[in-house]
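Okay, so here's the structure we're looking at.
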Amino acid sequence: MTKAQVSLRGKDILGLRTMSVPEIELILDTAREMKHIIDRDIKKVPTLRGKSVVNLFFEPSTRTRTSFELAGKYLGADVVNITTSASSVVKGESLRDTLLTVEAMGVDIIVMRHEAEGSAHFAAKAVKPVIINAGDGAHEHPTQGLLDLFTVKEKKGSIAGLQVAIIGDILHSRVARSNIWGLQKLGAQVRVAGPRTLLPRDIEQMGVKVYDRVEPALEGADVVNILRLQRERQQKGLFPTAREYARIFGINPQRLALAQPDALVMHPGPMNRGLEISPEVAYSEQSAIQEQVKNGLAVRMALLFLVLMGGTKIETTA
């Protein structure tokens, strides 16, 4: 199937593992068009007028939730945000009942983040609105994976043949998994590095090169994607101290120098500056971290447009 034959209309966006290459390419191409809207003085267009999007977040979020909210509003949709603390979940309502309640209100899309792996797949089976996975536990974060692909392609021109190093807390990272699936499908070679206690036992089965030291993983890398150390998901004892982690695995200018001179530095945010990444690296000329945020908005606009409108013409005037 070619990209021209692909349609995402009405399709749930659950993960990159099951997404085809033409589908990924369609999203990235559409995101490039959407980025032009973000750069305009007047950003609002009527493309999704009359459509409704609910952001249902059971975990904290700044970038993902805000960018989905702005994505819907820039395209003219009505957007409602629901967080756990402000919902009937605190009264004991189940996930299924919450989903059914939202469905009964006639919404078109539910963007959902939940701490349980597989929760997005459960939601897709439970209700009729399109489900977009905004992160399900340590399973996948497809929109972060897509925005990272978009950023790499934008900066490097092509993804095929690139050496990409993903560094840090791989075990708890849904971002790492989505990136690995997406990067490999587009022809990149992926390396992962972190403490053995923060590497999944079966990670080699995903087709990546695995290192328990950061230096060999960085050698000659074209892209360095540094993951947040997810202390909120971890048990104690997975590494000695934060200071030791920063000393052994933190990406500083000396370690980054092992990569290609023009290596692209990425981080999904929020950053633990001085822990997994030094300020000198985070704010260097090689860093695309802030551009990732902007690209995340473009990708999420593209997804809302594609799943609701199927890729028909974007209306650019209000």
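Chain labels follow the order of the structure tokens: the first chain is A, the next B, and so on; residue numbering restarts at 1 in every chain, and ligands are counted from 1 in their shown order.
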Secondary structure check, strand (DSSP E or B) residues of segment 25-201 of chain A, as a PyMOL selection string: chain A and resi 52-57+78-83+109-114+130-136+140+163-167+189-193
Considering only C-alpha atoms, return as a short mmCIF file (atom, residue, chain, number, x, y, z; two decimals) with N, CA and C atoms, in the first residue's frame whatever protein or nucleic-acid residues lie within 6 Å of segment 96-108 of chain A, sequence-local ones (same chain, fewer than 2 positions apart) excluded.
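Printed below is around_30.cif as written:
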```cif
data_model
loop_
_atom_site.label_atom_id
_atom_site.label_comp_id
_atom_site.auth_asym_id
_atom_site.auth_seq_id
_atom_site.Cartn_x
_atom_site.Cartn_y
_atom_site.Cartn_z
N SER A 52 -15.46 17.46 18.26
CA SER A 52 -15.16 17.60 19.69
C SER A 52 -14.07 16.62 20.10
N SER A 94 -15.00 3.62 37.59
CA SER A 94 -14.05 2.79 36.84
C SER A 94 -13.67 3.47 35.53
N PRO A 129 -15.82 6.41 20.01
CA PRO A 129 -14.96 7.51 19.55
C PRO A 129 -13.54 7.04 19.26
#
```
For Val152 of chain A: contacts at 10 Å, only C-alpha atoms, fewer than 3 positions along chain excluded, given as JSON, numbers by chain: {"A": [146, 147, 148, 149, 155, 156, 157, 158, 159, 162, 164, 183, 222, 223, 264, 265, 266, 288, 292]}
Dump of all heavy atoms for the selected residues, as a compact mmCIF listing (two decimals), in the first residue's frame:
```
# COMPACT_ATOMS: atom_id res chain seq x y z
N LEU A 146 6.22 9.88 17.07
CA LEU A 146 6.01 10.55 15.79
C LEU A 146 6.66 11.92 15.74
O LEU A 146 7.27 12.30 14.74
CB LEU A 146 4.52 10.66 15.49
CG LEU A 146 3.82 9.34 15.13
CD1 LEU A 146 2.30 9.49 15.24
CD2 LEU A 146 4.20 8.88 13.72
N LEU A 147 6.55 12.67 16.83
CA LEU A 147 7.17 14.00 16.82
C LEU A 147 8.69 13.89 16.81
O LEU A 147 9.38 14.74 16.24
CB LEU A 147 6.67 14.86 17.98
CG LEU A 147 7.20 14.62 19.40
CD1 LEU A 147 8.47 15.41 19.67
CD2 LEU A 147 6.13 15.01 20.42
N ASP A 148 9.22 12.84 17.44
CA ASP A 148 10.67 12.63 17.39
C ASP A 148 11.11 12.26 15.98
O ASP A 148 12.13 12.75 15.48
CB ASP A 148 11.08 11.55 18.39
CG ASP A 148 10.99 12.02 19.83
OD1 ASP A 148 10.89 13.25 20.06
OD2 ASP A 148 11.02 11.17 20.74
N LEU A 149 10.34 11.41 15.30
CA LEU A 149 10.63 11.08 13.91
C LEU A 149 10.58 12.33 13.04
O LEU A 149 11.44 12.54 12.17
CB LEU A 149 9.63 10.04 13.39
CG LEU A 149 9.69 8.64 13.99
CD1 LEU A 149 8.54 7.79 13.45
CD2 LEU A 149 11.02 7.96 13.71
N LYS A 155 15.52 17.76 10.64
CA LYS A 155 16.89 18.22 10.87
C LYS A 155 17.92 17.49 10.01
O LYS A 155 18.93 18.07 9.61
CB LYS A 155 17.25 18.05 12.34
CG LYS A 155 16.42 18.89 13.31
CD LYS A 155 16.68 20.36 13.14
CE LYS A 155 15.94 21.19 14.19
NZ LYS A 155 16.18 22.64 14.03
N LYS A 156 17.69 16.21 9.75
CA LYS A 156 18.68 15.39 9.05
C LYS A 156 18.30 15.11 7.59
O LYS A 156 19.13 14.59 6.84
CB LYS A 156 18.87 14.05 9.78
CG LYS A 156 19.49 14.19 11.16
CD LYS A 156 20.93 14.67 11.07
CE LYS A 156 21.61 14.70 12.41
NZ LYS A 156 23.01 15.18 12.32
N GLY A 157 17.09 15.42 7.20
CA GLY A 157 16.67 15.21 5.82
C GLY A 157 16.11 13.83 5.57
O GLY A 157 15.14 13.67 4.84
N SER A 158 16.71 12.82 6.16
CA SER A 158 16.25 11.44 6.01
C SER A 158 16.59 10.68 7.29
O SER A 158 17.54 11.02 8.00
CB SER A 158 16.91 10.78 4.80
OG SER A 158 16.55 9.41 4.71
N ILE A 159 15.82 9.65 7.56
CA ILE A 159 16.06 8.82 8.74
C ILE A 159 16.81 7.55 8.39
O ILE A 159 17.59 7.02 9.18
CB ILE A 159 14.72 8.49 9.44
CG1 ILE A 159 14.10 9.79 10.00
CG2 ILE A 159 14.89 7.46 10.55
CD1 ILE A 159 12.72 9.62 10.58
N LEU A 162 20.59 6.31 9.57
CA LEU A 162 21.11 7.03 10.74
C LEU A 162 21.40 6.08 11.89
O LEU A 162 20.73 5.06 12.06
CB LEU A 162 20.12 8.10 11.20
CG LEU A 162 19.86 9.29 10.27
CD1 LEU A 162 18.84 10.22 10.90
CD2 LEU A 162 21.16 10.04 9.96
N VAL A 164 21.14 6.01 15.78
CA VAL A 164 20.42 6.73 16.83
C VAL A 164 20.70 6.06 18.17
O VAL A 164 20.47 4.85 18.33
CB VAL A 164 18.91 6.76 16.56
CG1 VAL A 164 18.19 7.52 17.67
CG2 VAL A 164 18.62 7.40 15.20
N LEU A 183 11.66 4.36 14.45
CA LEU A 183 12.96 4.58 13.83
C LEU A 183 13.37 3.41 12.96
O LEU A 183 13.87 3.58 11.85
CB LEU A 183 14.01 4.83 14.91
CG LEU A 183 13.98 6.20 15.59
CD1 LEU A 183 14.78 6.18 16.88
CD2 LEU A 183 14.50 7.29 14.66
N ASP A 222 24.47 9.69 15.13
CA ASP A 222 23.93 10.86 14.43
C ASP A 222 22.88 11.59 15.26
O ASP A 222 22.68 12.80 15.10
CB ASP A 222 23.29 10.43 13.11
CG ASP A 222 24.28 9.75 12.18
OD1 ASP A 222 25.21 10.43 11.73
OD2 ASP A 222 24.13 8.54 11.93
N VAL A 223 22.20 10.84 16.10
CA VAL A 223 21.14 11.39 16.97
C VAL A 223 21.32 10.81 18.36
O VAL A 223 21.55 9.60 18.50
CB VAL A 223 19.74 11.03 16.44
CG1 VAL A 223 18.66 11.61 17.36
CG2 VAL A 223 19.54 11.53 15.00
N LEU A 264 22.44 15.33 16.59
CA LEU A 264 21.24 16.00 17.08
C LEU A 264 20.94 15.52 18.49
O LEU A 264 20.93 14.32 18.76
CB LEU A 264 20.08 15.67 16.15
CG LEU A 264 18.75 16.38 16.36
CD1 LEU A 264 18.90 17.87 16.06
CD2 LEU A 264 17.68 15.76 15.45
N VAL A 265 20.71 16.46 19.40
CA VAL A 265 20.40 16.14 20.79
C VAL A 265 18.91 16.32 21.02
O VAL A 265 18.34 17.37 20.71
CB VAL A 265 21.18 17.04 21.78
CG1 VAL A 265 20.72 16.81 23.21
CG2 VAL A 265 22.68 16.76 21.65
N MET A 266 18.27 15.27 21.58
CA MET A 266 16.84 15.31 21.83
C MET A 266 16.53 14.84 23.25
O MET A 266 17.31 14.12 23.87
CB MET A 266 16.11 14.44 20.80
CG MET A 266 16.36 14.84 19.37
SD MET A 266 15.72 13.68 18.15
CE MET A 266 13.96 13.85 18.41
N ALA A 288 17.72 20.06 19.95
CA ALA A 288 16.44 20.31 19.26
C ALA A 288 15.28 20.17 20.23
O ALA A 288 14.14 19.95 19.82
CB ALA A 288 16.27 19.35 18.10
N GLN A 292 11.33 20.17 19.39
CA GLN A 292 10.49 19.00 19.58
C GLN A 292 9.12 19.39 20.10
O GLN A 292 8.10 18.80 19.70
CB GLN A 292 11.13 18.03 20.58
CG GLN A 292 12.29 17.22 20.05
CD GLN A 292 12.92 16.37 21.14
OE1 GLN A 292 13.86 16.79 21.81
NE2 GLN A 292 12.37 15.19 21.35
```
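One finds atom CA of Leu26 of chain A at 8.9 Å from atom CA of Gly311 of chain A.
Separating atom CA of Tyr283 of chain A from atom CA of Leu171 of chain A is a distance of 26.3 Å.
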Shell around Ala160 of chain A at 6 Å using only C-alpha atoms, local window under 6 positions removed, as a list in words: Leu186, Gly187 and Ala188 of chain A
Can I get the selected residues back with N, CA and C atoms, as a PDB file, in the first residue's frame?
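What landed in again-v8.pdb:
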```pdb
ATOM      1  N   LEU A 186      11.632   3.155   9.644  1.00  0.00           N
ATOM      2  CA  LEU A 186      12.073   4.132   8.653  1.00  0.00           C
ATOM      3  C   LEU A 186      13.552   3.982   8.322  1.00  0.00           C
ATOM      4  N   GLY A 187      14.173   2.898   8.781  1.00  0.00           N
ATOM      5  CA  GLY A 187      15.516   2.561   8.308  1.00  0.00           C
ATOM      6  C   GLY A 187      16.675   2.969   9.176  1.00  0.00           C
ATOM      7  N   ALA A 188      16.429   3.473  10.368  1.00  0.00           N
ATOM      8  CA  ALA A 188      17.528   3.827  11.267  1.00  0.00           C
ATOM      9  C   ALA A 188      18.006   2.600  12.036  1.00  0.00           C
TER      10      ALA A 188
END
```
In segment 67-312 of chain A, DSSP alpha helix (DSSP H) residues written as JSON, numbers by chain: {"A": [67, 68, 69, 70, 71, 72, 73, 74, 95, 96, 97, 98, 99, 100, 101, 102, 103, 104, 119, 120, 121, 122, 123, 124, 125, 126, 142, 143, 144, 145, 146, 147, 148, 149, 150, 151, 152, 153, 154, 155, 156, 174, 175, 176, 177, 178, 179, 180, 181, 182, 183, 184, 185, 214, 215, 216, 217, 218, 242, 243, 244, 245, 246, 247, 248, 249, 253, 254, 255, 256, 279, 280, 281, 282, 289, 290, 291, 292, 293, 294, 295, 296, 297, 298, 299, 300, 301, 302, 303, 304, 305, 306, 307, 308, 309]}
